[in-house]
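File shown: data.txt (compact mmCIF, C-alpha atoms).
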# COMPACT_ATOMS: atom_id res chain seq x y z
CA MET A 1 -19.43 -30.82 59.46
CA ILE A 2 -21.17 -27.58 60.39
CA LEU A 3 -24.69 -27.60 58.97
CA ARG A 4 -27.16 -24.74 59.09
CA ILE A 5 -30.46 -25.50 57.37
CA VAL A 6 -32.71 -22.59 56.47
CA TYR A 7 -36.50 -23.05 56.47
CA PRO A 8 -38.24 -20.28 54.54
CA TYR A 9 -41.62 -22.03 54.32
CA THR A 10 -44.24 -23.44 56.62
CA ASP A 11 -44.99 -26.01 53.94
CA GLU A 12 -44.52 -29.34 55.72
CA ASN A 13 -43.78 -31.17 52.48
CA GLU A 14 -40.89 -28.82 51.75
CA LYS A 15 -39.56 -29.23 55.28
CA TYR A 16 -39.87 -33.01 54.99
CA PHE A 17 -37.45 -33.18 52.10
CA ILE A 18 -34.88 -31.15 54.03
CA ASP A 19 -35.19 -33.11 57.27
CA THR A 20 -34.96 -36.53 55.65
CA ASP A 21 -32.10 -35.88 53.24
CA LYS A 22 -29.11 -35.08 55.42
CA LYS A 23 -27.53 -38.37 54.34
CA TYR A 24 -28.06 -37.41 50.70
CA ILE A 25 -26.48 -34.01 51.36
CA ASP A 26 -23.43 -35.63 52.95
CA LEU A 27 -23.19 -38.09 50.05
CA ILE A 28 -23.26 -35.33 47.43
CA VAL A 29 -20.75 -33.18 49.30
CA SER A 30 -18.34 -36.09 49.81
CA LYS A 31 -18.55 -36.84 46.08
CA TYR A 32 -18.12 -33.33 44.66
CA VAL A 33 -16.40 -31.21 47.33
CA PRO A 34 -12.86 -31.56 48.76
CA ASN A 35 -12.62 -32.61 52.40
CA ASP A 36 -11.28 -29.26 53.58
CA TYR A 37 -14.58 -27.50 52.78
CA ASN A 38 -17.42 -27.48 55.33
CA ILE A 39 -21.16 -27.26 54.73
CA ILE A 40 -22.30 -23.84 55.92
CA GLU A 41 -25.84 -23.60 54.59
CA VAL A 42 -28.51 -25.60 52.80
CA LYS A 43 -31.13 -23.18 51.55
CA PRO A 44 -34.04 -23.18 49.10
CA ILE A 45 -33.88 -21.28 45.82
CA LEU A 46 -36.27 -21.29 42.86
CA ASP A 47 -38.86 -23.92 41.93
CA GLY A 48 -38.41 -25.97 45.09
CA PHE A 49 -34.71 -26.63 44.44
CA HIS A 50 -32.05 -26.23 47.13
CA GLN A 51 -28.47 -25.08 47.21
CA ILE A 52 -25.71 -26.56 49.35
CA ILE A 53 -23.00 -24.01 50.19
CA CYS A 54 -19.56 -25.12 51.37
CA LEU A 55 -16.72 -22.85 52.51
CA LYS A 56 -13.08 -23.80 52.91
CA ASP A 57 -11.65 -24.28 56.38
CA ASN A 58 -8.92 -21.89 57.42
CA GLN A 59 -7.06 -21.69 60.70
CA TYR A 60 -7.52 -17.92 60.92
CA ASP A 61 -11.33 -17.99 61.30
CA ILE A 62 -11.78 -15.86 58.17
CA THR A 63 -15.22 -15.97 56.53
CA ASN A 64 -14.62 -16.30 52.80
CA TYR A 65 -17.55 -16.77 50.41
CA TYR A 66 -15.13 -16.20 47.53
CA ASP A 67 -13.60 -19.66 48.01
CA SER A 68 -16.64 -21.89 47.95
CA TYR A 69 -18.63 -24.68 46.33
CA LYS A 70 -22.34 -24.42 45.57
CA ILE A 71 -24.36 -27.45 44.52
CA THR A 72 -27.96 -27.11 43.33
CA VAL A 73 -30.10 -30.18 44.00
CA ASP A 74 -33.67 -31.40 43.72
CA PHE A 75 -34.37 -33.34 46.92
CA LYS A 76 -37.57 -34.80 45.51
CA THR A 77 -35.78 -36.66 42.71
CA HIS A 78 -32.27 -36.80 44.24
CA THR A 79 -30.92 -35.01 41.19
CA VAL A 80 -27.90 -32.71 41.02
CA LEU A 81 -28.97 -29.79 38.83
CA GLY A 82 -25.94 -27.55 39.03
CA PHE A 83 -22.42 -27.30 40.33
CA ASN A 84 -20.49 -24.07 40.82
CA GLN A 85 -17.11 -23.46 42.37
CA CYS A 86 -15.59 -20.07 43.16
CA HIS A 87 -11.92 -19.60 43.95
CA GLU A 88 -11.58 -15.85 43.44
CA TYR A 89 -9.73 -15.32 46.70
CA ILE A 90 -7.57 -17.83 48.56
CA VAL A 91 -6.63 -17.08 52.16
CA ASN A 92 -2.87 -17.34 52.50
CA GLY A 93 -1.34 -16.53 55.83
CA LEU A 94 -2.14 -14.82 59.07
CA PRO A 95 -3.27 -11.16 58.93
CA LYS A 96 -0.43 -8.69 59.52
CA ILE A 97 -2.45 -6.53 61.89
CA ASP A 98 -4.65 -7.63 64.79
CA ARG A 99 -8.19 -6.64 65.75
CA ASN A 100 -7.14 -3.87 68.13
CA GLU A 101 -4.91 -2.30 65.47
CA ALA A 102 -7.77 -2.50 62.95
CA MET A 103 -10.09 -0.74 65.40
CA GLU A 104 -7.51 1.99 66.02
CA ILE A 105 -7.00 2.48 62.26
CA ALA A 106 -10.76 2.77 61.70
CA ILE A 107 -11.21 5.26 64.55
CA ASN A 108 -8.25 7.38 63.42
CA TYR A 109 -9.55 7.43 59.85
CA CYS A 110 -12.95 8.67 60.97
CA GLU A 111 -11.47 11.32 63.26
CA ASN A 112 -8.99 12.57 60.63
CA ASN A 113 -11.74 12.85 58.00
CA ASN A 114 -14.36 14.42 60.30
CA ILE A 115 -16.63 11.39 60.00
CA LYS A 116 -19.02 11.20 62.94
CA PHE A 117 -19.20 7.81 64.60
CA ASN A 118 -20.59 6.36 67.80
CA TYR A 119 -20.31 3.00 69.45
CA SER A 120 -21.72 1.43 72.57
CA GLY A 121 -19.03 -0.60 74.30
CA ILE A 122 -16.42 -2.20 72.05
CA PRO A 123 -17.09 -2.08 68.27
CA LEU A 124 -17.89 -5.42 66.64
CA ILE A 125 -14.89 -6.61 64.61
CA GLU A 126 -15.20 -9.49 62.12
CA LEU A 127 -12.61 -10.97 59.79
CA GLU A 128 -14.05 -11.48 56.30
CA VAL A 129 -13.10 -11.45 52.64
CA ARG A 130 -14.83 -8.37 51.25
CA LYS A 131 -14.81 -6.46 48.00
CA GLU A 132 -13.33 -2.96 47.96
CA ASN A 133 -16.04 -0.31 47.56
CA ASP A 134 -16.52 3.43 47.14
CA TYR A 135 -18.37 4.10 50.39
CA PHE A 136 -16.02 6.91 51.47
CA GLU A 137 -15.64 8.36 47.96
CA ASN A 138 -19.01 10.17 48.04
CA ASN A 139 -19.99 9.20 44.50
CA SER A 140 -23.51 10.19 43.50
CA LEU A 141 -25.54 8.32 40.88
CA GLU A 142 -27.91 11.24 40.44
CA GLY A 143 -27.68 12.68 36.93
CA LEU A 144 -25.87 9.70 35.39
CA ASN A 145 -27.38 8.42 32.16
CA ASP A 146 -28.03 4.72 31.51
CA ILE A 147 -24.62 4.11 29.90
CA ASP A 148 -22.70 5.86 32.69
CA LEU A 149 -24.68 3.95 35.31
CA GLU A 150 -23.77 0.65 33.68
CA ILE A 151 -20.10 1.69 33.48
CA TYR A 152 -20.18 2.66 37.15
CA ALA A 153 -21.78 -0.65 38.17
CA ASN A 154 -19.23 -2.66 36.18
CA ARG A 155 -16.38 -0.80 37.87
CA GLN A 156 -17.78 -1.77 41.25
CA LEU A 157 -17.87 -5.44 40.25
CA GLU A 158 -14.26 -5.24 39.04
CA ARG A 159 -12.92 -3.87 42.33
CA PRO A 160 -10.43 -6.20 44.06
CA LEU A 161 -11.12 -8.51 46.98
CA HIS A 162 -9.36 -8.08 50.32
CA CYS A 163 -9.03 -10.05 53.51
CA SER A 164 -10.41 -7.36 55.78
CA TYR A 165 -11.49 -6.49 59.26
CA VAL A 166 -15.06 -5.21 59.32
CA VAL A 167 -15.09 -2.71 62.18
CA THR A 168 -18.72 -1.95 62.97
CA PHE A 169 -19.78 1.12 64.91
CA ASP A 170 -23.38 1.84 65.88
CA ASP A 171 -24.48 2.99 62.43
CA PHE A 172 -21.81 2.04 59.89
CA SER A 173 -18.77 -0.17 59.29
CA VAL A 174 -15.22 0.54 58.16
CA LEU A 175 -13.37 -2.08 56.09
CA VAL A 176 -9.67 -2.33 56.97
CA ASP A 177 -7.30 -4.47 54.90
CA ALA A 178 -5.98 -7.11 57.31
CA TYR A 179 -2.53 -7.17 55.70
CA THR A 180 -1.80 -3.52 54.87
CA GLY A 181 -4.09 -1.57 57.21
CA GLU A 182 -5.51 0.33 54.23
CA ILE A 183 -9.12 1.56 54.35
CA ILE A 184 -10.85 -0.25 51.47
CA GLY A 185 -14.43 0.93 51.97
CA GLY A 186 -17.36 0.75 54.34
CA ASP A 187 -20.98 -0.15 54.86
CA GLU A 188 -23.83 1.97 56.13
CA PHE A 189 -27.12 0.86 57.56
CA ALA A 190 -29.86 1.45 60.08
CA ALA A 191 -29.40 4.66 62.05
CA SER A 192 -27.78 6.74 59.31
CA LYS A 193 -29.67 5.44 56.27
CA ASP A 194 -33.36 4.67 56.47
CA GLY A 195 -33.84 3.56 52.86
CA ALA A 196 -32.01 1.51 50.24
CA SER A 197 -32.50 0.63 46.57
CA TYR A 198 -30.47 -2.41 45.51
CA TYR A 199 -29.99 -3.93 42.06
CA GLY A 200 -28.96 -7.38 40.86
CA THR A 201 -27.25 -8.73 37.74
CA HIS A 202 -28.62 -10.25 34.53
CA LYS A 203 -26.85 -13.40 33.31
CA GLY A 204 -23.91 -12.54 35.53
CA LYS A 205 -23.51 -8.97 34.24
CA ASN A 206 -24.78 -5.53 35.10
CA THR A 207 -27.50 -4.14 32.89
CA LYS A 208 -28.96 -0.66 32.61
CA TYR A 209 -32.42 -2.14 33.16
CA PHE A 210 -31.56 -2.97 36.76
CA THR A 211 -29.01 -0.26 37.60
CA SER A 212 -31.15 2.55 36.16
CA SER A 213 -34.35 1.14 37.69
CA ALA A 214 -32.66 1.12 41.10
CA SER A 215 -31.45 4.69 40.56
CA ASN A 216 -34.99 5.77 39.59
CA ILE A 217 -36.44 4.18 42.73
CA ASN A 218 -33.75 5.77 44.89
CA SER A 219 -34.76 9.16 43.46
CA ILE A 220 -38.36 8.35 44.38
CA LEU A 221 -37.29 7.50 47.95
CA ASN A 222 -35.33 10.76 48.16
CA SER A 223 -38.36 12.69 46.90
CA LEU A 224 -40.47 11.03 49.58
CA GLY A 225 -38.00 12.18 52.24
CA TYR A 226 -35.89 9.08 52.85
CA ASN A 227 -32.14 9.28 53.41
CA SER A 228 -31.53 6.40 51.01
CA TYR A 229 -28.78 5.03 48.79
CA THR A 230 -28.27 2.78 45.75
CA ASP A 231 -25.99 -0.26 45.77
CA SER A 232 -25.28 -3.54 43.98
CA ALA A 233 -26.42 -6.74 45.66
CA ASP A 234 -23.89 -8.70 43.62
CA ASN A 235 -20.78 -6.95 44.95
CA ASP A 236 -20.78 -9.13 48.07
CA ASN A 237 -23.34 -11.80 47.08
CA GLY A 238 -26.10 -10.03 48.99
CA VAL A 239 -24.35 -9.71 52.37
CA SER A 240 -24.91 -5.95 52.69
CA LEU A 241 -28.45 -6.24 51.36
CA ARG A 242 -29.35 -8.88 53.95
CA ARG A 243 -27.73 -6.84 56.71
CA PHE A 244 -29.84 -3.83 55.76
CA VAL A 245 -33.06 -5.83 55.55
CA ARG A 246 -32.46 -7.37 58.97
CA GLY A 247 -32.06 -3.82 60.28
CA ASP A 248 -32.22 -2.60 63.85
CA GLY A 249 -35.55 -0.79 63.91
CA ASN A 250 -34.51 2.35 62.02
CA ASN A 251 -34.82 1.06 58.45
CA TYR A 252 -38.10 1.95 56.77
CA ALA A 253 -37.80 1.77 52.96
CA PHE A 254 -36.39 -1.03 50.81
CA ALA A 255 -36.35 -1.68 47.07
CA PHE A 256 -34.78 -4.26 44.79
CA SER A 257 -34.53 -4.29 40.99
CA GLY A 258 -33.54 -7.59 39.45
CA HIS A 259 -34.47 -11.22 39.02
CA ALA A 260 -36.98 -12.48 41.55
CA SER A 261 -39.62 -15.04 42.41
CA PRO A 262 -42.36 -15.35 45.05
CA ILE A 263 -39.73 -16.64 47.52
CA SER A 264 -36.33 -15.15 46.64
CA LEU A 265 -34.39 -12.28 45.09
CA GLY A 266 -31.29 -13.37 43.18
CA ASN A 267 -28.87 -13.02 40.30
CA GLY A 268 -30.98 -14.83 37.70
CA LEU A 269 -28.51 -17.58 36.81
CA GLU A 270 -30.32 -20.90 36.69
CA TYR A 271 -27.66 -23.20 38.12
CA GLY A 272 -25.02 -20.74 39.34
CA TYR A 273 -27.82 -19.06 41.26
CA VAL A 274 -27.00 -16.72 44.14
CA ARG A 275 -29.91 -15.96 46.42
CA TYR A 276 -29.50 -12.44 47.78
CA LEU A 277 -32.62 -12.56 49.94
CA GLY A 278 -35.24 -15.08 51.05
CA LEU A 279 -38.49 -14.65 52.93
CA ASN A 280 -37.00 -15.61 56.30
CA ASP A 281 -34.20 -13.04 55.95
CA VAL A 282 -36.62 -10.15 56.48
CA THR A 283 -36.95 -8.56 59.91
CA CYS A 284 -37.45 -5.04 61.28
CA CYS A 285 -40.15 -2.51 60.55
CA TRP A 286 -41.02 -1.51 57.00
CA LYS A 287 -43.08 1.36 55.66
CA PHE A 288 -42.26 1.33 51.93
CA VAL A 289 -41.21 -1.71 49.88
CA PHE A 290 -40.89 -2.00 46.10
CA LEU A 291 -39.71 -5.39 44.81
CA ASN A 292 -39.11 -4.60 41.16
CA GLY A 293 -38.84 -8.15 39.83
CA CYS A 294 -40.96 -10.93 38.37
CA ASN A 295 -43.79 -12.43 40.45
CA THR A 296 -42.95 -10.64 43.71
CA ALA A 297 -46.66 -9.87 44.16
CA GLU A 298 -47.94 -13.11 42.65
CA ASP A 299 -49.14 -13.97 46.16
CA THR A 300 -48.83 -12.35 49.57
CA ARG A 301 -45.64 -14.03 50.83
CA TRP A 302 -43.26 -11.11 50.23
CA ARG A 303 -45.85 -8.60 51.39
CA ASP A 304 -46.42 -10.58 54.57
CA ALA A 305 -42.69 -10.97 55.20
CA PHE A 306 -42.32 -7.18 55.28
CA GLY A 307 -45.33 -6.81 57.58
CA ILE A 308 -47.58 -5.06 55.07
CA SER A 309 -51.18 -5.98 54.25
CA GLY A 310 -53.78 -4.73 51.82
CA SER A 311 -55.35 -2.60 54.54
CA SER A 312 -52.16 -1.36 56.25
CA ASN A 313 -52.24 2.25 57.38
CA GLY A 314 -49.09 4.23 56.66
CA LYS A 315 -47.46 1.42 54.66
CA ILE A 316 -46.99 0.65 50.96
CA PHE A 317 -45.90 -2.48 49.08
CA LEU A 318 -45.34 -2.53 45.30
CA GLY A 319 -44.56 -5.63 43.27
CA TRP A 320 -45.30 -7.45 40.01
CA TYR A 321 -47.85 -10.25 39.85
CA LYS A 322 -46.53 -11.74 36.59
CA GLY A 323 -43.26 -12.10 34.74
CA ILE A 324 -42.21 -8.80 33.19
CA LYS A 325 -39.82 -7.64 30.50
CA LEU A 326 -36.70 -5.77 31.56
CA GLY A 327 -37.68 -2.73 29.53
CA THR A 328 -41.04 -2.56 31.29
CA MET A 329 -39.35 -2.46 34.69
CA LEU A 330 -37.17 0.45 33.64
CA ASP A 331 -39.99 2.23 31.85
CA PHE A 332 -42.32 2.08 34.83
CA THR A 333 -39.75 3.26 37.39
CA GLY A 334 -38.86 6.19 35.13
CA ASN A 335 -42.52 7.14 34.74
CA LEU A 336 -43.12 6.85 38.48
CA LYS A 337 -40.07 8.98 39.31
CA HIS A 338 -41.36 11.67 36.97
CA GLN A 339 -44.84 11.63 38.51
CA VAL A 340 -43.61 11.72 42.12
CA ARG A 341 -41.36 14.69 41.36
CA ARG A 342 -44.05 16.46 39.36
CA ASN A 343 -46.86 15.85 41.87
CA PRO A 344 -45.24 15.79 45.34
CA SER A 345 -48.45 16.80 47.11
CA LYS A 346 -50.54 14.07 45.46
CA THR A 347 -51.00 10.64 47.01
CA PHE A 348 -48.41 8.04 46.07
CA TYR A 349 -51.17 5.74 44.84
CA SER A 350 -52.44 8.40 42.44
CA ASN A 351 -48.89 8.85 41.12
CA VAL A 352 -48.70 5.10 40.50
CA LEU A 353 -51.92 5.34 38.50
CA ARG A 354 -50.51 8.23 36.47
CA ALA A 355 -47.32 6.27 35.83
CA ILE A 356 -49.21 3.36 34.27
CA GLU A 357 -51.31 5.54 31.99
CA LYS A 358 -48.69 5.53 29.24
CA PRO A 359 -50.51 4.53 26.01
CA GLY A 360 -49.79 1.10 24.61
CA THR A 361 -48.21 -0.32 27.76
CA TYR A 362 -49.84 -2.49 30.40
CA TYR A 363 -48.13 -2.92 33.73
CA TYR A 364 -48.70 -5.96 35.90
CA ILE A 365 -48.03 -3.89 38.98
CA ARG A 366 -49.79 -4.59 42.27
CA PHE A 367 -50.26 -2.04 45.04
CA TRP A 368 -50.98 -3.03 48.63
CA GLY A 369 -51.34 -0.68 51.58
CA ASP A 370 -52.45 2.87 52.25
CA LYS A 371 -53.85 4.66 49.19
CA ASN A 372 -54.23 7.99 50.97
CA ILE A 373 -50.59 8.78 51.78
CA SER A 374 -48.73 11.64 50.16
CA GLY A 375 -45.06 12.28 50.83
CA ARG A 376 -43.05 10.04 53.14
CA VAL A 377 -44.83 6.97 54.47

The structure given in the file should be rewritten as structure tokens.
Amino acid sequence: MILRIVYPYTDENEKYFIDTDKKYIDLIVSKYVPNDYNIIEVKPILDGFHQIICLKDNQYDITNYYDSYKITVDFKTHTVLGFNQCHEYIVNGLPKIDRNEAMEIAINYCENNNIKFNYSGIPLIELEVRKENDYFENNSLEGLNDIDLEIYANRQLERPLHCSYVVTFDDFSVLVDAYTGEIIGGDEFAASKDGASYYGTHKGKNTKYFTSSASNINSILNSLGYNSYTDSADNDNGVSLRRFVRGDGNNYAFAFSGHASPISLGNGLEYGYVRYLGLNDVTCCWKFVFLNGCNTAEDTRWRDAFGISGSSNGKIFLGWYKGIKLGTMLDFTGNLKHQVRRNPSKTFYSNVLRAIEKPGTYYYIRFWGDKNISGRV
């Protein structure tokens, strides 16, 4: 079996339970998972629990997280807490086009649509099951009300899955259907976008509290001068989000609206939990971070992961130091968007203070970083 164990903590007790329970992992997998699925990851989630992720073998070397088993366990008590299987897409047969043809299709599409692209050497080409998206459709979320935002987000979740070649140029990727050669979407990161505002799901569904909060924060980033975008973390189980957060040195602003804890950002389901991001997933250089979820500023772990301290010059971290209601998240981001637009020459910190002055509401928001910055950080 292929086993990749992820250590997000320096806590030796936590590491002990991982190191000494490989036999238990193998026992659980042999009991619950068919033999043609391999262990890919064992990673921590909430409350000290861990999740074992198994993907099905296929002879075509296609990465497919949409045909998987996930088992949630407590290593301390050797208890299985949850079991989830996903068989949304089954790989059947060899792709009809090869990697070179996929690269040619992607290049021709960009040239025919006047899309600028650059690549150093040969573009990276990976074969993955990915969800169709609207990357090349130029849809804007600006001006959409809460209901329309929720409708938009639900449509993205309902888009079909494809076995696709991910053709990656220097600053974005093109998704090419491996059977038909159709362009089914793309991804953008690093050099062309320096900010992103992602949102998660609530009990497995989109909610205006997360989609609209993410849209509000994206407007804030735009007002500050970032070339940012809004996207769902749930569309591809956090793959694009993690890719952005790993970055290449050109990403500066990141935000997430959804369920969270001091160690992970996820979809909020207790036992069917999907962890979009953990502490060890964060790399690159960050100037502005807003983790709009419960307990993200309960301690300094998220702040430290993004390289921001209480005395950082030219950097800002915003988070919540307690559990918060969904309406409060949306209310605060709306107030802050209004203040940033209304007072662009004022410091960001002063706009945060204005945003929390709404009578009758107390925000458990925590600000770390430079209190003297106005405009882009």

task = Considering all atoms listed in the file, return as a list in words whatever protein or nucleic-acid residues lie within 10 Å of Leu94 in chain A, sequence-local ones (same chain, fewer than 3 positions apart) excluded.
result =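 Listed by chain and then number, they are Asn58, Gln59, Tyr60, Asp61, Ile62, Val91, Ile97, Asp98, Ala178 and Tyr179 of chain A.
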
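Of the listed residues A:Ala106, A:Ile220, A:Val289, A:Leu279, the one whose atoms come nearest to Asn251 in chain A is A:Val289, with distances taken using only C-alpha atoms.
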
* CA of Ser232 in chain A to CA of Gly200 in chain A, distance in Å rounded to a single decimal ->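 These atoms are spaced 6.2 Å apart.
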
Checklist line | Length of the CA of Arg301 in chain A to CA of Pro262 in chain A vector [Å] | finding: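 Separation of CA of Arg301 in chain A and CA of Pro262 in chain A: 6.8 Å.
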
Atom pair CA of Thr296 in chain A + CA of Glu150 in chain A, distance 24.4 Å

Which residues, written as a VMD selection string, have at least one atom at most 8 Å from Tyr66 in chain A, with only C-alpha atoms counted and residues fewer than 5 positions away on the same chain left out? chain A and resid 86 to 90 129

- Task: Please work out which residues fall within 9 Å of (-36.2, -12.6, 39.0), coordinates as given in the file, with all atoms listed in the file counting, and return them as a list in words.
- Result: Ser257, Gly258, His259, Ala260, Ser261, Ser264, Leu265, Gly266, Asn267, Gly268, Asn292, Gly293, Cys294, Asn295, Thr296 and Gly323 of chain A

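Distances here use only C-alpha atoms; by that measure, the residue among A:Thr328, A:Asn133, A:Asp148, A:Phe306 closest to Ser240 in chain A is A:Asn133.
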
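For the set A:Asp304, A:Ser312, A:Ala355, A:Ser197, the residue with the smallest atom-to-atom gap to Leu291 in chain A is A:Ser197, counting all atoms listed in the file.
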